[in-house]
$ cat start03.tsv   # TSV, C-alpha atoms
chain	number	residue	atom	x	y	z
A	1	MET	CA	20.20	-48.77	-30.17
A	2	ALA	CA	22.31	-47.19	-27.43
A	3	THR	CA	24.19	-49.31	-24.86
A	4	ALA	CA	25.41	-48.29	-21.41
A	5	THR	CA	28.71	-49.45	-19.89
A	6	THR	CA	31.19	-48.59	-17.16
A	7	ASP	CA	33.95	-50.87	-18.49
A	8	HIS	CA	37.11	-48.86	-19.18
A	9	GLU	CA	38.45	-51.07	-21.95
A	10	THR	CA	35.13	-51.13	-23.82
A	11	ILE	CA	34.93	-47.35	-23.67
A	12	ARG	CA	38.53	-46.81	-24.73
A	13	LYS	CA	38.30	-49.20	-27.68
A	14	TRP	CA	35.04	-47.69	-28.91
A	15	VAL	CA	36.38	-44.13	-28.69
A	16	GLU	CA	39.78	-44.79	-30.26
A	17	ALA	CA	38.28	-46.89	-33.08
A	18	ARG	CA	36.44	-43.72	-34.11
A	19	GLY	CA	39.39	-41.37	-33.78
A	20	GLY	CA	38.19	-39.84	-30.52
A	21	SER	CA	39.99	-38.96	-27.30
A	22	PRO	CA	39.08	-38.14	-23.68
A	23	ALA	CA	38.40	-34.51	-22.86
A	24	ARG	CA	36.86	-32.11	-20.38
A	25	VAL	CA	34.63	-29.08	-20.88
A	26	LYS	CA	36.76	-25.97	-20.37
A	27	SER	CA	36.15	-23.87	-17.25
A	28	THR	CA	33.99	-26.49	-15.49
A	29	GLY	CA	36.50	-28.03	-13.07
A	30	ARG	CA	37.76	-26.91	-9.68
A	31	ASP	CA	40.11	-28.14	-6.93
A	32	GLY	CA	41.73	-30.75	-9.15
A	33	ASP	CA	38.43	-32.04	-10.54
A	34	PRO	CA	38.54	-31.74	-14.36
A	35	GLY	CA	34.83	-30.92	-14.45
A	36	ILE	CA	32.42	-32.21	-17.08
A	37	LEU	CA	33.91	-35.14	-18.99
A	38	ARG	CA	33.40	-35.50	-22.73
A	39	ILE	CA	34.72	-37.41	-25.75
A	40	ASP	CA	36.31	-35.20	-28.39
A	41	PHE	CA	36.30	-36.01	-32.08
A	42	PRO	CA	38.76	-33.79	-34.04
A	43	GLY	CA	37.12	-31.41	-36.46
A	44	TYR	CA	33.76	-31.63	-34.73
A	45	SER	CA	31.97	-29.13	-32.48
A	46	GLY	CA	34.22	-29.53	-29.43
A	47	GLN	CA	37.09	-27.47	-30.81
A	48	GLN	CA	36.17	-24.33	-28.87
A	49	THR	CA	34.68	-25.90	-25.75
A	50	LEU	CA	36.79	-28.99	-24.98
A	51	GLU	CA	40.30	-29.61	-23.67
A	52	GLY	CA	42.07	-32.97	-23.96
A	53	ILE	CA	43.05	-35.03	-20.90
A	54	GLY	CA	44.66	-38.45	-20.48
A	55	TRP	CA	42.77	-41.70	-20.16
A	56	ASN	CA	44.06	-42.28	-16.61
A	57	GLU	CA	42.68	-38.96	-15.40
A	58	PHE	CA	39.48	-39.47	-17.38
A	59	PHE	CA	38.74	-42.88	-15.87
A	60	SER	CA	39.81	-41.81	-12.39
A	61	TRP	CA	37.15	-39.09	-12.30
A	62	PHE	CA	34.72	-41.21	-14.31
A	63	ASP	CA	34.67	-43.70	-11.42
A	64	LYS	CA	34.88	-41.14	-8.61
A	65	ASN	CA	31.80	-39.37	-9.96
A	66	ASP	CA	29.89	-42.64	-10.56
A	67	LEU	CA	29.49	-42.05	-14.28
A	68	ALA	CA	28.40	-44.36	-17.09
A	69	PHE	CA	29.09	-44.26	-20.83
A	70	ILE	CA	26.20	-44.52	-23.29
A	71	TYR	CA	27.24	-45.32	-26.84
A	72	GLN	CA	25.87	-46.52	-30.15
A	73	GLU	CA	27.62	-48.88	-32.55
A	74	ARG	CA	25.71	-47.86	-35.67
A	75	THR	CA	23.34	-45.09	-36.74
A	76	ARG	CA	19.76	-45.76	-37.73
A	77	ARG	CA	20.99	-45.89	-41.33
A	78	GLY	CA	23.55	-48.59	-40.53
A	79	GLN	CA	26.69	-46.42	-40.56
A	80	PRO	CA	29.33	-46.58	-37.80
A	81	SER	CA	28.15	-44.16	-35.14
A	82	ARG	CA	30.11	-41.72	-33.00
A	83	PHE	CA	27.11	-40.99	-30.79
A	84	SER	CA	27.94	-41.20	-27.09
A	85	LYS	CA	27.00	-39.56	-23.82
A	86	ILE	CA	28.42	-39.58	-20.31
A	87	VAL	CA	25.72	-39.72	-17.64
A	88	SER	CA	25.40	-40.68	-13.99
A	89	ARG	CA	25.15	-44.38	-13.16
A	90	GLU	CA	22.04	-43.56	-11.17
A	91	THR	CA	20.43	-42.27	-14.37
A	92	VAL	CA	21.17	-45.52	-16.17
A	93	GLU	CA	19.91	-47.63	-13.25
A	94	THR	CA	16.73	-45.55	-12.99
A	95	ARG	CA	16.02	-45.93	-16.70
A	96	GLU	CA	16.54	-49.70	-16.51
A	97	ARG	CA	14.14	-49.98	-13.57
A	98	ARG	CA	11.54	-47.57	-14.90
A	99	PRO	CA	8.60	-49.25	-16.67
A	100	ALA	CA	7.42	-47.91	-19.99
A	101	ARG	CA	4.97	-45.05	-19.49
A	102	ALA	CA	2.29	-43.55	-21.59
A	103	SER	CA	3.35	-40.29	-23.20
A	104	GLU	CA	1.18	-38.27	-20.83
A	105	GLU	CA	3.27	-39.53	-17.86
A	106	THR	CA	6.67	-38.60	-19.26
A	107	ASP	CA	8.94	-36.67	-16.93
A	108	ALA	CA	9.57	-33.23	-18.49
A	109	ILE	CA	13.32	-33.34	-17.90
A	110	ALA	CA	13.56	-36.92	-19.18
A	111	LEU	CA	11.71	-35.81	-22.32
A	112	LEU	CA	14.08	-32.89	-22.92
A	113	THR	CA	17.13	-35.04	-22.20
A	114	ASP	CA	15.98	-37.65	-24.70
A	115	GLN	CA	15.60	-34.88	-27.27
A	116	HIS	CA	19.14	-33.74	-26.48
A	117	ARG	CA	20.47	-37.20	-27.30
A	118	GLU	CA	18.48	-37.30	-30.55
A	119	ILE	CA	19.84	-33.89	-31.59
A	120	GLU	CA	23.41	-34.92	-30.81
A	121	GLU	CA	23.02	-38.12	-32.82
A	122	LEU	CA	21.68	-36.24	-35.85
A	123	LEU	CA	24.52	-33.70	-35.66
A	124	GLU	CA	27.01	-36.55	-35.54
A	125	GLN	CA	25.41	-38.24	-38.55
A	126	LEU	CA	25.67	-35.04	-40.60
A	127	THR	CA	29.43	-34.87	-40.06
A	128	GLN	CA	29.75	-38.23	-41.84
A	129	GLN	CA	27.60	-37.36	-44.85
A	130	SER	CA	28.36	-35.44	-48.03
A	131	PRO	CA	26.70	-31.98	-48.12
A	132	ARG	CA	25.76	-32.68	-51.74
A	133	SER	CA	23.92	-35.91	-50.95
A	134	ALA	CA	20.19	-36.45	-50.57
A	135	GLU	CA	21.03	-38.26	-47.32
A	136	PHE	CA	22.57	-35.09	-45.89
A	137	ARG	CA	19.52	-33.02	-46.83
A	138	SER	CA	17.16	-35.58	-45.28
A	139	THR	CA	19.17	-35.77	-42.05
A	140	PHE	CA	19.46	-31.99	-41.89
A	141	GLU	CA	15.69	-31.55	-42.24
A	142	GLU	CA	15.20	-34.11	-39.46
A	143	LEU	CA	17.64	-32.18	-37.27
A	144	ALA	CA	16.03	-28.82	-38.09
A	145	ASP	CA	12.60	-30.20	-37.14
A	146	ALA	CA	13.99	-31.66	-33.91
A	147	LEU	CA	15.61	-28.34	-32.94
A	148	ALA	CA	12.46	-26.39	-33.83
A	149	ILE	CA	10.26	-28.66	-31.72
A	150	HIS	CA	12.71	-28.68	-28.82
A	151	SER	CA	13.03	-24.90	-28.65
A	152	GLU	CA	9.27	-24.42	-29.01
A	153	ILE	CA	8.28	-26.63	-26.08
A	154	GLU	CA	11.01	-25.15	-23.91
A	155	GLU	CA	10.14	-21.53	-24.70
A	156	LYS	CA	6.37	-21.92	-24.56
A	157	ILE	CA	5.97	-24.41	-21.69
A	158	PHE	CA	9.11	-25.49	-19.83
A	159	TYR	CA	10.92	-22.19	-19.26
A	160	PRO	CA	7.83	-20.23	-18.08
A	161	SER	CA	6.93	-23.09	-15.73
A	162	VAL	CA	10.32	-23.25	-14.01
A	163	GLN	CA	11.17	-19.55	-13.80
A	164	THR	CA	12.26	-18.49	-10.33
A	165	ALA	CA	14.79	-16.04	-8.95
A	166	GLU	CA	17.29	-18.91	-8.90
A	167	THR	CA	16.77	-19.90	-12.55
A	168	GLU	CA	16.10	-16.48	-14.09
A	169	ASP	CA	19.66	-15.85	-15.30
A	170	LEU	CA	19.98	-19.37	-16.70
A	171	LEU	CA	16.69	-19.02	-18.59
A	172	GLU	CA	17.74	-15.68	-20.05
A	173	THR	CA	20.93	-17.30	-21.31
A	174	SER	CA	18.93	-20.22	-22.70
A	175	PHE	CA	16.69	-17.90	-24.71
A	176	GLU	CA	19.78	-16.21	-26.13
A	177	ASP	CA	21.25	-19.63	-26.98
A	178	HIS	CA	18.08	-20.56	-28.83
A	179	LEU	CA	18.21	-17.38	-30.88
A	180	MET	CA	21.82	-18.00	-31.95
A	181	VAL	CA	21.06	-21.61	-32.87
A	182	LYS	CA	18.02	-20.52	-34.88
A	183	GLN	CA	20.04	-17.88	-36.71
A	184	VAL	CA	22.58	-20.46	-37.88
A	185	LEU	CA	19.82	-22.94	-38.66
A	186	ALA	CA	17.96	-20.38	-40.77
A	187	THR	CA	21.16	-19.62	-42.67
A	188	MET	CA	21.77	-23.31	-43.33
A	189	MET	CA	18.22	-23.76	-44.59
A	190	GLU	CA	18.94	-21.18	-47.29
A	191	SER	CA	22.48	-22.33	-48.11
A	192	SER	CA	23.41	-24.30	-51.20
A	193	PRO	CA	25.75	-27.33	-51.03
A	194	ASP	CA	28.39	-25.12	-52.66
A	195	GLY	CA	28.35	-22.70	-49.73
A	196	ASP	CA	30.17	-23.03	-46.41
A	197	ILE	CA	27.69	-25.61	-45.17
A	198	LEU	CA	30.32	-27.57	-43.21
A	199	GLY	CA	31.51	-24.42	-41.45
A	200	GLN	CA	27.92	-23.60	-40.56
A	201	LEU	CA	27.38	-27.15	-39.33
A	202	GLU	CA	30.41	-26.88	-37.04
A	203	GLU	CA	29.09	-23.59	-35.66
A	204	LEU	CA	25.64	-25.10	-35.14
A	205	GLY	CA	27.14	-28.11	-33.38
A	206	GLY	CA	29.24	-25.96	-31.06
A	207	LEU	CA	26.36	-23.67	-30.09
A	208	THR	CA	24.01	-26.59	-29.57
A	209	GLU	CA	26.41	-28.65	-27.47
A	210	GLU	CA	27.22	-25.68	-25.23
A	211	HIS	CA	23.49	-25.10	-24.69
A	212	LEU	CA	22.80	-28.75	-23.87
A	213	ILE	CA	25.69	-28.84	-21.39
A	214	GLU	CA	24.42	-25.74	-19.58
A	215	GLU	CA	20.89	-27.11	-19.32
A	216	GLU	CA	21.89	-30.55	-18.06
A	217	ALA	CA	24.63	-29.37	-15.71
A	218	GLU	CA	22.96	-26.25	-14.29
A	219	LEU	CA	19.28	-25.76	-15.11
A	220	PHE	CA	17.86	-29.28	-14.82
A	221	PRO	CA	19.30	-30.00	-11.34
A	222	LYS	CA	17.75	-26.76	-10.02
A	223	VAL	CA	14.39	-27.66	-11.54
A	224	ARG	CA	14.46	-31.17	-10.03
A	225	LYS	CA	14.98	-29.65	-6.58
A	226	ARG	CA	11.98	-27.36	-7.07
A	227	LEU	CA	9.45	-29.70	-8.73
A	228	ASP	CA	8.45	-33.16	-7.55
A	229	GLY	CA	7.85	-36.19	-9.77
A	230	ALA	CA	4.13	-35.56	-10.20
A	231	GLN	CA	4.70	-31.95	-11.23
A	232	LEU	CA	7.38	-32.95	-13.74
A	233	ARG	CA	5.13	-35.63	-15.24
A	234	GLN	CA	2.27	-33.16	-15.55
A	235	LEU	CA	4.59	-30.69	-17.25
A	236	GLY	CA	5.89	-33.47	-19.49
A	237	ALA	CA	2.34	-34.31	-20.57
A	238	GLN	CA	1.76	-30.71	-21.69
A	239	MET	CA	5.04	-30.71	-23.59
A	240	ASN	CA	4.30	-34.04	-25.26
A	241	GLU	CA	0.95	-32.71	-26.40
A	242	MET	CA	2.64	-29.75	-28.07
A	243	VAL	CA	5.23	-32.05	-29.68
A	244	GLU	CA	2.43	-34.05	-31.29
A	245	GLU	CA	0.67	-30.88	-32.46
A	246	LEU	CA	3.85	-29.58	-34.08
A	247	ARG	CA	4.48	-32.91	-35.80
A	248	ARG	CA	0.93	-33.10	-37.12
A	249	ALA	CA	1.24	-29.59	-38.53
A	250	GLY	CA	4.30	-30.76	-40.49
A	251	ALA	CA	7.78	-29.34	-41.13
A	252	PRO	CA	8.14	-27.27	-37.90
A	253	ARG	CA	11.55	-26.09	-39.19
A	254	MET	CA	9.80	-23.81	-41.68
A	255	HIS	CA	8.86	-21.42	-38.86
A	256	VAL	CA	12.47	-20.90	-37.74
A	257	PRO	CA	13.33	-18.02	-40.14
A	258	GLU	CA	10.28	-15.99	-39.07
A	259	GLU	CA	11.02	-16.67	-35.38
A	260	VAL	CA	14.57	-15.37	-35.83
A	261	GLY	CA	13.22	-12.14	-37.28
A	262	ALA	CA	10.63	-11.75	-34.54
A	263	GLN	CA	13.10	-12.41	-31.72
A	264	ALA	CA	15.73	-10.15	-33.20
$ encode --input "start03.tsv" --output "structure tokens"
Amino acid sequence: MATATTDHETIRKWVEARGGSPARVKSTGRDGDPGILRIDFPGYSGQQTLEGIGWNEFFSWFDKNDLAFIYQERTRRGQPSRFSKIVSRETVETRERRPARASEETDAIALLTDQHREIEELLEQLTQQSPRSAEFRSTFEELADALAIHSEIEEKIFYPSVQTAETEDLLETSFEDHLMVKQVLATMMESSPDGDILGQLEELGGLTEEHLIEEEAELFPKVRKRLDGAQLRQLGAQMNEMVEELRRAGAPRMHVPEEVGAQA
């Protein structure tokens, strides 16, 4: 279960106990602002997209931008977890106040954001598992299904519903991101444990994280300005319905290779 905190010492201890360090996403800051804050774990997907900063700078902007730190002590399988996310304090407060809703009332952006967190957690779990283990294969299949479902509901429902002159370029980039992720995913599905599975995992993680950052930092805020709560809940209901259909059909990851060929 994930926990939210704004306490500097709690955050620092959790991060350093797992070998992490404070960082920023390259090319996102301006006028002294470091931009999007992240936690970097060496050897993981942030190598190409993140740049290290000091804790003082990190916490200074963490507080100035009213951010909160969401973290998990252990994975669902009981292993020490490196899953974390930096979000706005308003987001945390809203989630704490918001009553549980039936699936048909789910906010579309909240649904996609929750899927982002699930995908990040599964990627993090894979980095701690042996590519030769049954555990790795099981987690990878879970990740592949999650990515397949996520891309399907975005491409078939969300993107067409939010396309405007203001979002057109972002959506075109998102489609291209999906294709690259699917290409790596399809390759990994065919790879043996003796292949470069860890290199492919690092590439998948980097592509995925970059895509999630772009959506949450650029696309989602534009969509929230355009659609009101009722419209987002209605859109979320349609997306949830497709999620359930894909799950009932079973193994949605199996369609990824044919989608890569069709899109290419």
$ residues_around --input "start03.tsv" --residues "Arg226 (chain A)" --least-positions-apart "6" --cutoff "12 Å" --atoms "all atoms listed in the file" --output "number ranges by chain"
A: 161-167, 219-220, 232
$ closest_residue --input "start03.tsv" --among "A:Glu141, A:Glu9, A:Pro160, A:Thr173" --to "Arg253 (chain A)" --atoms "all atoms listed in the file"
A:Glu141
$ atom_distance --input "start03.tsv" --atom1 "CA of Ile39 (chain A)" --atom2 "CA of Phe58 (chain A)"
9.8 Å
$ residues_around --input "start03.tsv" --residues "Ile70 (chain A)" --least-positions-apart "6" --cutoff "7 Å" --atoms "only C-alpha atoms" --output "list in words"
Ala2, Thr3, Ala4, Thr5, Ser84, Lys85 and Ile86 of chain A
$ closest_residue --input "start03.tsv" --among "A:Ser138, A:Ser191, A:Ser88, A:Ser151" --to "Lys64 (chain A)" --atoms "only C-alpha atoms"
A:Ser88
$ atom_distance --input "start03.tsv" --atom1 "CA of Phe158 (chain A)" --atom2 "CA of Leu235 (chain A)"
7.4 Å
$ residues_around --input "start03.tsv" --residues "Ala23 (chain A)" --least-positions-apart "6" --cutoff "7 Å" --atoms "all atoms listed in the file" --output "PyMOL selection string"
chain A and resi 37-40+50-53
$ closest_residue --input "start03.tsv" --among "A:Asn65, A:Glu210, A:Phe41, A:Tyr71" --to "Lys26 (chain A)" --atoms "all atoms listed in the file"
A:Glu210
$ axis_aligned_box --input "start03.tsv" --around "region 109-119 of chain A" --padding-each-side "5 Å" --output "lines of an AutoDock Vina configuration file"
center_x = 16.1
center_y = -35.3
center_z = -24.7
size_x = 18.8
size_y = 14.8
size_z = 23.7
$ atom_distance --input "start03.tsv" --atom1 "CA of Glu172 (chain A)" --atom2 "CA of Leu212 (chain A)"
14.5 Å
$ build_atoms --input "start03.tsv" --residues "region 148-174 of chain A" --atoms "N, CA and C atoms" --output "PDB file, in the coordinates of the input"
ATOM      1  N   ALA A 148      13.624 -27.286 -33.859  1.00  0.00           N
ATOM      2  CA  ALA A 148      12.460 -26.390 -33.830  1.00  0.00           C
ATOM      3  C   ALA A 148      11.463 -26.831 -32.767  1.00  0.00           C
ATOM      4  N   ILE A 149      11.197 -28.139 -32.719  1.00  0.00           N
ATOM      5  CA  ILE A 149      10.260 -28.660 -31.720  1.00  0.00           C
ATOM      6  C   ILE A 149      10.817 -28.468 -30.314  1.00  0.00           C
ATOM      7  N   HIS A 150      12.093 -28.782 -30.143  1.00  0.00           N
ATOM      8  CA  HIS A 150      12.710 -28.680 -28.820  1.00  0.00           C
ATOM      9  C   HIS A 150      12.668 -27.255 -28.284  1.00  0.00           C
ATOM     10  N   SER A 151      13.033 -26.295 -29.108  1.00  0.00           N
ATOM     11  CA  SER A 151      13.030 -24.900 -28.650  1.00  0.00           C
ATOM     12  C   SER A 151      11.617 -24.416 -28.377  1.00  0.00           C
ATOM     13  N   GLU A 152      10.653 -24.872 -29.180  1.00  0.00           N
ATOM     14  CA  GLU A 152       9.270 -24.420 -29.010  1.00  0.00           C
ATOM     15  C   GLU A 152       8.691 -24.886 -27.679  1.00  0.00           C
ATOM     16  N   ILE A 153       8.876 -26.153 -27.329  1.00  0.00           N
ATOM     17  CA  ILE A 153       8.280 -26.630 -26.080  1.00  0.00           C
ATOM     18  C   ILE A 153       9.024 -26.074 -24.864  1.00  0.00           C
ATOM     19  N   GLU A 154      10.297 -25.770 -25.031  1.00  0.00           N
ATOM     20  CA  GLU A 154      11.010 -25.150 -23.910  1.00  0.00           C
ATOM     21  C   GLU A 154      10.552 -23.705 -23.720  1.00  0.00           C
ATOM     22  N   GLU A 155      10.486 -22.954 -24.808  1.00  0.00           N
ATOM     23  CA  GLU A 155      10.140 -21.530 -24.700  1.00  0.00           C
ATOM     24  C   GLU A 155       8.691 -21.300 -24.311  1.00  0.00           C
ATOM     25  N   LYS A 156       7.798 -22.143 -24.804  1.00  0.00           N
ATOM     26  CA  LYS A 156       6.370 -21.920 -24.560  1.00  0.00           C
ATOM     27  C   LYS A 156       5.880 -22.579 -23.272  1.00  0.00           C
ATOM     28  N   ILE A 157       6.493 -23.675 -22.856  1.00  0.00           N
ATOM     29  CA  ILE A 157       5.970 -24.410 -21.690  1.00  0.00           C
ATOM     30  C   ILE A 157       7.005 -24.547 -20.577  1.00  0.00           C
ATOM     31  N   PHE A 158       8.172 -25.135 -20.895  1.00  0.00           N
ATOM     32  CA  PHE A 158       9.110 -25.490 -19.830  1.00  0.00           C
ATOM     33  C   PHE A 158       9.694 -24.261 -19.128  1.00  0.00           C
ATOM     34  N   TYR A 159      10.274 -23.341 -19.881  1.00  0.00           N
ATOM     35  CA  TYR A 159      10.920 -22.190 -19.260  1.00  0.00           C
ATOM     36  C   TYR A 159       9.946 -21.357 -18.411  1.00  0.00           C
ATOM     37  N   PRO A 160       8.753 -21.004 -18.929  1.00  0.00           N
ATOM     38  CA  PRO A 160       7.830 -20.230 -18.080  1.00  0.00           C
ATOM     39  C   PRO A 160       7.426 -20.973 -16.810  1.00  0.00           C
ATOM     40  N   SER A 161       7.379 -22.301 -16.872  1.00  0.00           N
ATOM     41  CA  SER A 161       6.930 -23.090 -15.730  1.00  0.00           C
ATOM     42  C   SER A 161       7.982 -23.235 -14.644  1.00  0.00           C
ATOM     43  N   VAL A 162       9.249 -23.033 -14.995  1.00  0.00           N
ATOM     44  CA  VAL A 162      10.320 -23.250 -14.010  1.00  0.00           C
ATOM     45  C   VAL A 162      11.055 -21.957 -13.669  1.00  0.00           C
ATOM     46  N   GLN A 163      10.493 -20.832 -14.054  1.00  0.00           N
ATOM     47  CA  GLN A 163      11.170 -19.550 -13.800  1.00  0.00           C
ATOM     48  C   GLN A 163      11.039 -19.156 -12.333  1.00  0.00           C
ATOM     49  N   THR A 164      12.175 -18.969 -11.704  1.00  0.00           N
ATOM     50  CA  THR A 164      12.260 -18.490 -10.330  1.00  0.00           C
ATOM     51  C   THR A 164      13.441 -17.523 -10.261  1.00  0.00           C
ATOM     52  N   ALA A 165      13.637 -16.931  -9.114  1.00  0.00           N
ATOM     53  CA  ALA A 165      14.790 -16.040  -8.950  1.00  0.00           C
ATOM     54  C   ALA A 165      16.089 -16.812  -9.151  1.00  0.00           C
ATOM     55  N   GLU A 166      16.082 -18.099  -8.799  1.00  0.00           N
ATOM     56  CA  GLU A 166      17.290 -18.910  -8.900  1.00  0.00           C
ATOM     57  C   GLU A 166      17.598 -19.315 -10.344  1.00  0.00           C
ATOM     58  N   THR A 167      16.561 -19.440 -11.166  1.00  0.00           N
ATOM     59  CA  THR A 167      16.770 -19.900 -12.550  1.00  0.00           C
ATOM     60  C   THR A 167      16.697 -18.773 -13.579  1.00  0.00           C
ATOM     61  N   GLU A 168      16.354 -17.579 -13.147  1.00  0.00           N
ATOM     62  CA  GLU A 168      16.100 -16.480 -14.090  1.00  0.00           C
ATOM     63  C   GLU A 168      17.273 -16.214 -15.023  1.00  0.00           C
ATOM     64  N   ASP A 169      18.478 -16.127 -14.471  1.00  0.00           N
ATOM     65  CA  ASP A 169      19.660 -15.850 -15.300  1.00  0.00           C
ATOM     66  C   ASP A 169      19.924 -16.982 -16.286  1.00  0.00           C
ATOM     67  N   LEU A 170      19.760 -18.219 -15.826  1.00  0.00           N
ATOM     68  CA  LEU A 170      19.980 -19.370 -16.700  1.00  0.00           C
ATOM     69  C   LEU A 170      18.967 -19.385 -17.845  1.00  0.00           C
ATOM     70  N   LEU A 171      17.724 -19.021 -17.550  1.00  0.00           N
ATOM     71  CA  LEU A 171      16.690 -19.020 -18.590  1.00  0.00           C
ATOM     72  C   LEU A 171      16.942 -17.899 -19.602  1.00  0.00           C
ATOM     73  N   GLU A 172      17.412 -16.769 -19.126  1.00  0.00           N
ATOM     74  CA  GLU A 172      17.740 -15.680 -20.050  1.00  0.00           C
ATOM     75  C   GLU A 172      18.847 -16.115 -21.013  1.00  0.00           C
ATOM     76  N   THR A 173      19.856 -16.782 -20.468  1.00  0.00           N
ATOM     77  CA  THR A 173      20.930 -17.300 -21.310  1.00  0.00           C
ATOM     78  C   THR A 173      20.408 -18.341 -22.299  1.00  0.00           C
ATOM     79  N   SER A 174      19.487 -19.177 -21.839  1.00  0.00           N
ATOM     80  CA  SER A 174      18.930 -20.220 -22.700  1.00  0.00           C
ATOM     81  C   SER A 174      18.161 -19.616 -23.875  1.00  0.00           C
TER      82      SER A 174
END
